[in-house]
Amino acid sequence: MAIYRKEIGLWAIRGYSRFYYGGAADYPQPGDYDGDGLDDPAIFRPSSGLWAVRGVTRSYYGRDGDLPVARDYNGDGTCEIAIFRHSSGLWIDLGSDHTMSLTASWLHEKYSLTMALDAFFGPKKRV
Ligand SMILES: [Ca+2]
Ligand SMILES: [Ca+2]
């Protein structure tokens, strides 16, 4: 069992660890970003588009107003950085300058965002 206390950036994993990562303006986006089978603590900071994955990577994708929706979109066992932008849809960073997108109007027409993601990529794996 794990908790994230957003206002102070505290991550606490019962019986395992507690540490500080991120802060009040950040969105928690834990997932397995390096493919080792364990979820990694990660945050998205809308003000700068920063994605920081503790001990794995830092990169920039998205901007203020975007909703972070990281998950394993291509089924390779590692989590992809992705954002949902209301004006243009879902954008997934697949690395090596390869980006995938689904339009907002299509998503809204057919499903809620969560339903659309689950319909296309399967429910998000929870550890
Ligand atoms: Ca991992
Ligand atoms: Ca993946």
# chains A, B, ... in the order shown; residues from 1 in each chain; ligands from 1
call {"tool": "residues_near_ligand", "arguments": {"ligand": "ligand 2", "cutoff": "12 Å", "atoms": "only C-alpha atoms and all ligand atoms", "output": "ChimeraX atom specification"}}
result
/A:31-35,70-82,92-95,121,124-125
call {"tool": "write_last_selection", "arguments": {"atoms": "C-alpha atoms", "output": "PDB file, in the first residue's frame"}}
result
ATOM      1  CA  GLY A  31       4.502   3.578 -13.285  1.00  0.00           C
ATOM      2  CA  ASP A  32       7.209   1.199 -14.465  1.00  0.00           C
ATOM      3  CA  TYR A  33       9.274   3.524 -16.638  1.00  0.00           C
ATOM      4  CA  ASP A  34      12.428   1.380 -16.858  1.00  0.00           C
ATOM      5  CA  GLY A  35      10.841  -2.037 -17.361  1.00  0.00           C
ATOM      6  CA  ALA A  70       1.162   7.941 -18.429  1.00  0.00           C
ATOM      7  CA  ARG A  71       0.713   4.181 -18.873  1.00  0.00           C
ATOM      8  CA  ASP A  72       2.028   1.289 -20.971  1.00  0.00           C
ATOM      9  CA  TYR A  73       0.337   2.138 -24.284  1.00  0.00           C
ATOM     10  CA  ASN A  74       2.251  -0.219 -26.568  1.00  0.00           C
ATOM     11  CA  GLY A  75       2.384  -3.238 -24.264  1.00  0.00           C
ATOM     12  CA  ASP A  76       6.177  -3.478 -24.079  1.00  0.00           C
ATOM     13  CA  GLY A  77       6.202  -3.485 -20.269  1.00  0.00           C
ATOM     14  CA  THR A  78       7.388   0.099 -19.776  1.00  0.00           C
ATOM     15  CA  CYS A  79       5.264   3.126 -19.076  1.00  0.00           C
ATOM     16  CA  GLU A  80       5.008   5.840 -21.761  1.00  0.00           C
ATOM     17  CA  ILE A  81       4.801   9.517 -20.953  1.00  0.00           C
ATOM     18  CA  ALA A  82       1.541  10.921 -22.291  1.00  0.00           C
ATOM     19  CA  ILE A  92       1.868   9.802 -26.325  1.00  0.00           C
ATOM     20  CA  ASP A  93       5.661  10.048 -26.344  1.00  0.00           C
ATOM     21  CA  LEU A  94       6.932   6.755 -27.773  1.00  0.00           C
ATOM     22  CA  GLY A  95      10.555   7.910 -27.905  1.00  0.00           C
ATOM     23  CA  PHE A 121      -5.007  -0.303 -24.434  1.00  0.00           C
ATOM     24  CA  LYS A 124      -3.909   0.159 -16.495  1.00  0.00           C
ATOM     25  CA  LYS A 125      -1.824  -2.382 -14.651  1.00  0.00           C
TER      26      LYS A 125
END
call {"tool": "residues_around", "arguments": {"residues": "Tyr60 of chain A", "least_positions_apart": "4", "cutoff": "8 Å", "atoms": "only C-alpha atoms", "output": "ChimeraX atom specification"}}
result
/A:48-51
call {"tool": "write_last_selection", "arguments": {"atoms": "N, CA and C atoms", "output": "compact mmCIF listing (two decimals), in the first residue's frame"}}
result
# COMPACT_ATOMS: atom_id res chain seq x y z
N SER A 48 6.15 23.66 -16.25
CA SER A 48 7.30 23.57 -17.15
C SER A 48 7.23 22.37 -18.09
N GLY A 49 6.23 21.51 -17.92
CA GLY A 49 6.17 20.30 -18.74
C GLY A 49 7.16 19.23 -18.30
N LEU A 50 7.73 19.40 -17.11
CA LEU A 50 8.73 18.44 -16.64
C LEU A 50 8.10 17.11 -16.24
N TRP A 51 8.70 16.02 -16.72
CA TRP A 51 8.43 14.69 -16.22
C TRP A 51 9.69 14.23 -15.50
call {"tool": "residues_around", "arguments": {"residues": "Ile8 of chain A", "least_positions_apart": "4", "cutoff": "8 Å", "atoms": "only C-alpha atoms", "output": "NGL selection string"}}
result
:A and (20 or 22-24)
call {"tool": "write_last_selection", "arguments": {"atoms": "C-alpha atoms", "output": "PDB file, in the first residue's frame"}}
result
ATOM      1  CA  TYR A  20      10.034  13.244  -0.652  1.00  0.00           C
ATOM      2  CA  GLY A  22       7.765  16.465  -6.113  1.00  0.00           C
ATOM      3  CA  GLY A  23       5.541  19.086  -4.546  1.00  0.00           C
ATOM      4  CA  ALA A  24       2.158  20.748  -4.393  1.00  0.00           C
TER       5      ALA A  24
END
call {"tool": "residues_around", "arguments": {"residues": "Phe19 of chain A", "least_positions_apart": "3", "cutoff": "10 Å", "atoms": "only C-alpha atoms", "output": "PyMOL selection string"}}
result
chain A and resi 4+9-13+41
call {"tool": "atom_distance", "arguments": {"atom1": "atom CA of Ile83 of chain A", "atom2": "atom CA of Tyr61 of chain A"}}
result
7.8 Å
call {"tool": "closest_residue", "arguments": {"among": "A:Val69, A:Val53, A:Ile43, A:Leu90", "to": "ligand 1", "atoms": "only C-alpha atoms and all ligand atoms"}}
result
A:Val53
call {"tool": "atom_distance", "arguments": {"atom1": "atom CA of Ser59 of chain A", "atom2": "atom CA of Arg18 of chain A"}}
result
24.0 Å
call {"tool": "closest_residue", "arguments": {"among": "A:Leu67, A:Met100, A:Arg5, A:Asp39", "to": "Arg54 of chain A", "atoms": "only C-alpha atoms"}}
result
A:Asp39
